[in-house]
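Engineer: What follows is a single structure, and I will ask about it in a moment.
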Amino acid sequence: MMEIHPKKSLAIFSLTSCGDCFGVLKNVDWGRFSPERSVLTKLELQNFYDIDDLRGKNKIEKKYDIVIIEGHPRGKRQTDFAKLIRRQAKIVVAIGACAHQGGVYAKTNEPILKKIIRVDHTVPGCPVDRNELSRFLMDLFWGKVPRLPDLSVCFECRQNENDCLLKKGKLCLGPITRGGCDSICNNYGEACLGCRGLKPDANVEKMTEILKSITPEQDIEKMMTIFGTLKE
Ligand code: SF4
Ligand code: SF4
Ligand code: SF4
């Protein structure tokens, strides 16, 4: 992976989304990335656009070291826009379930971001977690390969000593879903719906078999497509 050295530029672009990942981005402590605050980074935040800022434009003047994209590319205009962004970026980071696997737009059957352009990294979640995103960007800055947790949501759920929904005959996608959210839904008694996408080597077939004993097949499919879990 390419190393990043100071001083680096970062741009953030928003495609179609509910706006919450964009909100998380606004709340990232960008001061952590400023030279005044620490020697950690000289990451220069150069732009903070959403699609409306660029309406009618067909080119972006600057080139960026890192570009963050949130949201799902919908329609030709946003698809072209994503391609335009890719050309101006050394590293593209897709953040949030909508950019990662379609998220709440997965059912539209439009291609996900990584089918349209090369995506170098993904930070999953609905919404993306601010701390995970900050750590991820720090790693990029230091030239490290940022890593996501490989363990399933079940791992964290068990650590949190939650009652297992599957064992109670209820639906949950925790066994196949990438952890890192501290099993937040399960901590409140709700099922994991897979917003962080599949964990590496997820056994979807086995998961489907288990769920079939609990609910009709069409419900399983519905559950697995809520966030586009199987689209990745
Ligand atoms: S991933 Fe979730 S929070 Fe982020 S833009 Fe999509 S729907 Fe909103
Ligand atoms: S409730 Fe869900 S996430 Fe928690 S242990 Fe059971 S299957 Fe795994
Ligand atoms: S428990 Fe599942 S649905 Fe809930 S935040 Fe974590 S990955 Fe997403």
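In the structure tokens, the first chain shown is A, the next is B, and so on; residue numbers restart at 1 for each chain, and ligands run from 1 in the order shown.
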Counting only C-alpha atoms and all ligand atoms, what residues are within 12 Å of ligand 2, given as a PyMOL selection string?

Structural biologist: chain A and resi 151-194+207+210-211

Engineer: Within range 10-184 of chain A, find each residue whose DSSP state, derived from the backbone, is helix (DSSP H, G or I), and express the selection as a PDB file with C-alpha atoms, in the first residue's frame.

Structural biologist:
ATOM      1  CA  ASP A  20     -26.168  10.507   9.280  1.00  0.00           C
ATOM      2  CA  CYS A  21     -22.728   9.373   8.093  1.00  0.00           C
ATOM      3  CA  PHE A  22     -22.214  12.902   6.846  1.00  0.00           C
ATOM      4  CA  GLY A  23     -23.193  14.062  10.323  1.00  0.00           C
ATOM      5  CA  VAL A  24     -20.622  11.720  11.881  1.00  0.00           C
ATOM      6  CA  LEU A  25     -17.969  13.169   9.579  1.00  0.00           C
ATOM      7  CA  LYS A  26     -18.846  16.647  10.727  1.00  0.00           C
ATOM      8  CA  ASN A  27     -18.307  15.522  14.300  1.00  0.00           C
ATOM      9  CA  TRP A  30     -10.456  17.027  12.963  1.00  0.00           C
ATOM     10  CA  GLY A  31      -8.294  18.906  15.447  1.00  0.00           C
ATOM     11  CA  ARG A  32      -6.592  15.583  16.133  1.00  0.00           C
ATOM     12  CA  PHE A  33      -5.298  15.817  12.610  1.00  0.00           C
ATOM     13  CA  ILE A  51     -23.251  16.589  -4.163  1.00  0.00           C
ATOM     14  CA  ASP A  52     -25.219  19.830  -4.295  1.00  0.00           C
ATOM     15  CA  ASP A  53     -22.041  21.874  -4.043  1.00  0.00           C
ATOM     16  CA  LEU A  54     -20.882  20.356  -7.296  1.00  0.00           C
ATOM     17  CA  GLY A  75     -28.253   7.289 -11.286  1.00  0.00           C
ATOM     18  CA  LYS A  76     -25.883   8.327 -14.053  1.00  0.00           C
ATOM     19  CA  ARG A  77     -25.036  11.713 -12.617  1.00  0.00           C
ATOM     20  CA  GLN A  78     -23.735  10.294  -9.350  1.00  0.00           C
ATOM     21  CA  THR A  79     -22.059   7.372 -11.094  1.00  0.00           C
ATOM     22  CA  ASP A  80     -20.153   9.803 -13.301  1.00  0.00           C
ATOM     23  CA  PHE A  81     -19.411  11.895 -10.246  1.00  0.00           C
ATOM     24  CA  ALA A  82     -17.916   8.879  -8.435  1.00  0.00           C
ATOM     25  CA  LYS A  83     -15.671   8.210 -11.443  1.00  0.00           C
ATOM     26  CA  LEU A  84     -14.617  11.836 -11.460  1.00  0.00           C
ATOM     27  CA  ILE A  85     -13.719  11.673  -7.779  1.00  0.00           C
ATOM     28  CA  ARG A  86     -11.716   8.480  -8.321  1.00  0.00           C
ATOM     29  CA  ARG A  87      -9.573  10.182 -10.941  1.00  0.00           C
ATOM     30  CA  GLN A  88      -8.650  12.934  -8.471  1.00  0.00           C
ATOM     31  CA  GLY A  96     -20.922   3.637   5.930  1.00  0.00           C
ATOM     32  CA  ALA A  97     -23.154   0.822   4.755  1.00  0.00           C
ATOM     33  CA  CYS A  98     -24.588   2.869   1.864  1.00  0.00           C
ATOM     34  CA  ALA A  99     -21.177   3.367   0.261  1.00  0.00           C
ATOM     35  CA  HIS A 100     -19.956  -0.064   1.320  1.00  0.00           C
ATOM     36  CA  GLN A 101     -22.741  -2.443   0.291  1.00  0.00           C
ATOM     37  CA  GLY A 103     -27.067   0.053   2.764  1.00  0.00           C
ATOM     38  CA  VAL A 104     -30.640   1.216   2.820  1.00  0.00           C
ATOM     39  CA  TYR A 105     -30.462   1.652  -0.976  1.00  0.00           C
ATOM     40  CA  ALA A 106     -29.394  -1.957  -1.585  1.00  0.00           C
ATOM     41  CA  LYS A 107     -32.861  -2.908  -2.813  1.00  0.00           C
ATOM     42  CA  THR A 108     -32.695  -0.417  -5.672  1.00  0.00           C
ATOM     43  CA  LEU A 113     -19.708   1.936  -5.247  1.00  0.00           C
ATOM     44  CA  LYS A 114     -16.984  -0.667  -5.563  1.00  0.00           C
ATOM     45  CA  LYS A 115     -18.555  -2.044  -8.755  1.00  0.00           C
ATOM     46  CA  ILE A 116     -18.258   1.406 -10.289  1.00  0.00           C
ATOM     47  CA  ARG A 130     -16.591   8.117  14.582  1.00  0.00           C
ATOM     48  CA  ASN A 131     -13.780   6.563  16.626  1.00  0.00           C
ATOM     49  CA  GLU A 132     -13.249   3.704  14.221  1.00  0.00           C
ATOM     50  CA  LEU A 133     -13.104   6.177  11.347  1.00  0.00           C
ATOM     51  CA  SER A 134     -10.594   8.388  13.183  1.00  0.00           C
ATOM     52  CA  ARG A 135      -8.358   5.394  13.959  1.00  0.00           C
ATOM     53  CA  PHE A 136      -8.633   4.280  10.358  1.00  0.00           C
ATOM     54  CA  LEU A 137      -7.524   7.660   9.035  1.00  0.00           C
ATOM     55  CA  MET A 138      -4.658   7.820  11.525  1.00  0.00           C
ATOM     56  CA  ASP A 139      -3.413   4.459  10.282  1.00  0.00           C
ATOM     57  CA  LEU A 140      -3.599   5.680   6.715  1.00  0.00           C
ATOM     58  CA  PHE A 141      -1.630   8.726   7.649  1.00  0.00           C
ATOM     59  CA  VAL A 153     -20.676  -9.625  16.178  1.00  0.00           C
ATOM     60  CA  CYS A 154     -21.351 -12.809  18.197  1.00  0.00           C
ATOM     61  CA  PHE A 155     -17.896 -12.554  19.720  1.00  0.00           C
ATOM     62  CA  GLU A 156     -18.652  -9.127  21.170  1.00  0.00           C
ATOM     63  CA  CYS A 157     -22.196 -10.131  22.047  1.00  0.00           C
ATOM     64  CA  ARG A 158     -20.924 -13.017  24.144  1.00  0.00           C
ATOM     65  CA  GLN A 159     -18.376 -10.759  25.805  1.00  0.00           C
ATOM     66  CA  LEU A 166     -30.847 -17.403  18.048  1.00  0.00           C
ATOM     67  CA  LYS A 167     -30.929 -19.715  21.027  1.00  0.00           C
ATOM     68  CA  LYS A 168     -34.341 -18.280  21.881  1.00  0.00           C
ATOM     69  CA  GLY A 174     -24.527 -11.834  14.324  1.00  0.00           C
ATOM     70  CA  PRO A 175     -22.667 -15.048  13.386  1.00  0.00           C
ATOM     71  CA  ILE A 176     -21.899 -13.873   9.840  1.00  0.00           C
ATOM     72  CA  ILE A 184     -24.732  -2.493  20.083  1.00  0.00           C
TER      73      ILE A 184
END

Engineer: Between CA of Leu10 in chain A and CA of Ile69 in chain A, what distance in Å does the model show, to one decimal?

Structural biologist: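 Pair CA of Leu10 in chain A / CA of Ile69 in chain A returns 10.9 Å.
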
Engineer: Among range 68-208 of chain A, which residues does DSSP mark as strand (DSSP E or B) when it is run on the backbone? Keep the chain and numbering as in the structure and answer as a ChimeraX atom specification.

Structural biologist: /A:68-70,72,89-95,121-123,125,128,152,177-178,198

Engineer: Quick one: write out the picked residues with C-alpha atoms as a PDB file, in the first residue's frame?

Structural biologist:
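Resulting contents of out-v7.pdb:
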ATOM      1  CA  ILE A  68     -13.752   9.807   1.697  1.00  0.00           C
ATOM      2  CA  ILE A  69     -17.025   8.943   0.004  1.00  0.00           C
ATOM      3  CA  GLU A  70     -20.226   8.415   1.926  1.00  0.00           C
ATOM      4  CA  HIS A  72     -24.741   5.358  -2.458  1.00  0.00           C
ATOM      5  CA  ALA A  89      -7.819  10.636  -5.539  1.00  0.00           C
ATOM      6  CA  LYS A  90      -4.792   8.576  -4.592  1.00  0.00           C
ATOM      7  CA  ILE A  91      -6.772   6.665  -1.975  1.00  0.00           C
ATOM      8  CA  VAL A  92     -10.545   6.261  -1.844  1.00  0.00           C
ATOM      9  CA  VAL A  93     -12.178   5.294   1.433  1.00  0.00           C
ATOM     10  CA  ALA A  94     -15.865   4.321   1.319  1.00  0.00           C
ATOM     11  CA  ILE A  95     -17.589   4.882   4.632  1.00  0.00           C
ATOM     12  CA  HIS A 121     -10.664   0.882   1.892  1.00  0.00           C
ATOM     13  CA  THR A 122     -14.025   0.567   3.563  1.00  0.00           C
ATOM     14  CA  VAL A 123     -15.130   1.635   7.005  1.00  0.00           C
ATOM     15  CA  GLY A 125     -21.505   0.612   9.721  1.00  0.00           C
ATOM     16  CA  VAL A 128     -20.038   4.678  10.548  1.00  0.00           C
ATOM     17  CA  SER A 152     -18.135 -11.698  14.282  1.00  0.00           C
ATOM     18  CA  THR A 177     -21.515 -10.143  10.510  1.00  0.00           C
ATOM     19  CA  ARG A 178     -18.216  -8.344  11.023  1.00  0.00           C
ATOM     20  CA  LEU A 198     -20.024 -10.066   6.152  1.00  0.00           C
TER      21      LEU A 198
END

Engineer: For Thr16 in chain A, list every protein, DNA or RNA residue within 8 Å, evaluated using only C-alpha atoms, and leave out those in the same chain fewer than 6 positions away; present the list as a ChimeraX atom specification.

Structural biologist: /A:71-74

Engineer: Would you work out the distance separating CA of Cys126 in chain A from CA of Lys62 in chain A, expressed in Å to one decimal?

Structural biologist: 29.6 Å

Engineer: For a test of reading the model, state the distance in Å between CA of Asp65 in chain A and CA of Ile12 in chain A, rounded to one decimal.

Structural biologist: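 One can read the CA of Asp65 in chain A to CA of Ile12 in chain A distance as 11.3 Å.
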
Engineer: Which residue is closest to ligand 1? Choose from A:Ile66, A:Ala11, A:Cys18, A:Val28 and count only C-alpha atoms and all ligand atoms.

Structural biologist: A:Cys18

Engineer: Which one is closest to ligand 3: A:Leu230, A:Asp129, A:Pro146, A:Ile214? Count only C-alpha atoms and all ligand atoms.

Structural biologist: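 Checking each candidate against ligand 3, we get A:Asp129 as the closest.
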
Engineer: Find the residue from A:Thr229, A:Ser9, A:Pro127, A:Ser14 that sits nearest to ligand 1; use only C-alpha atoms and all ligand atoms when measuring.

Structural biologist: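 Selected residue with least distance to ligand 1: A:Pro127.
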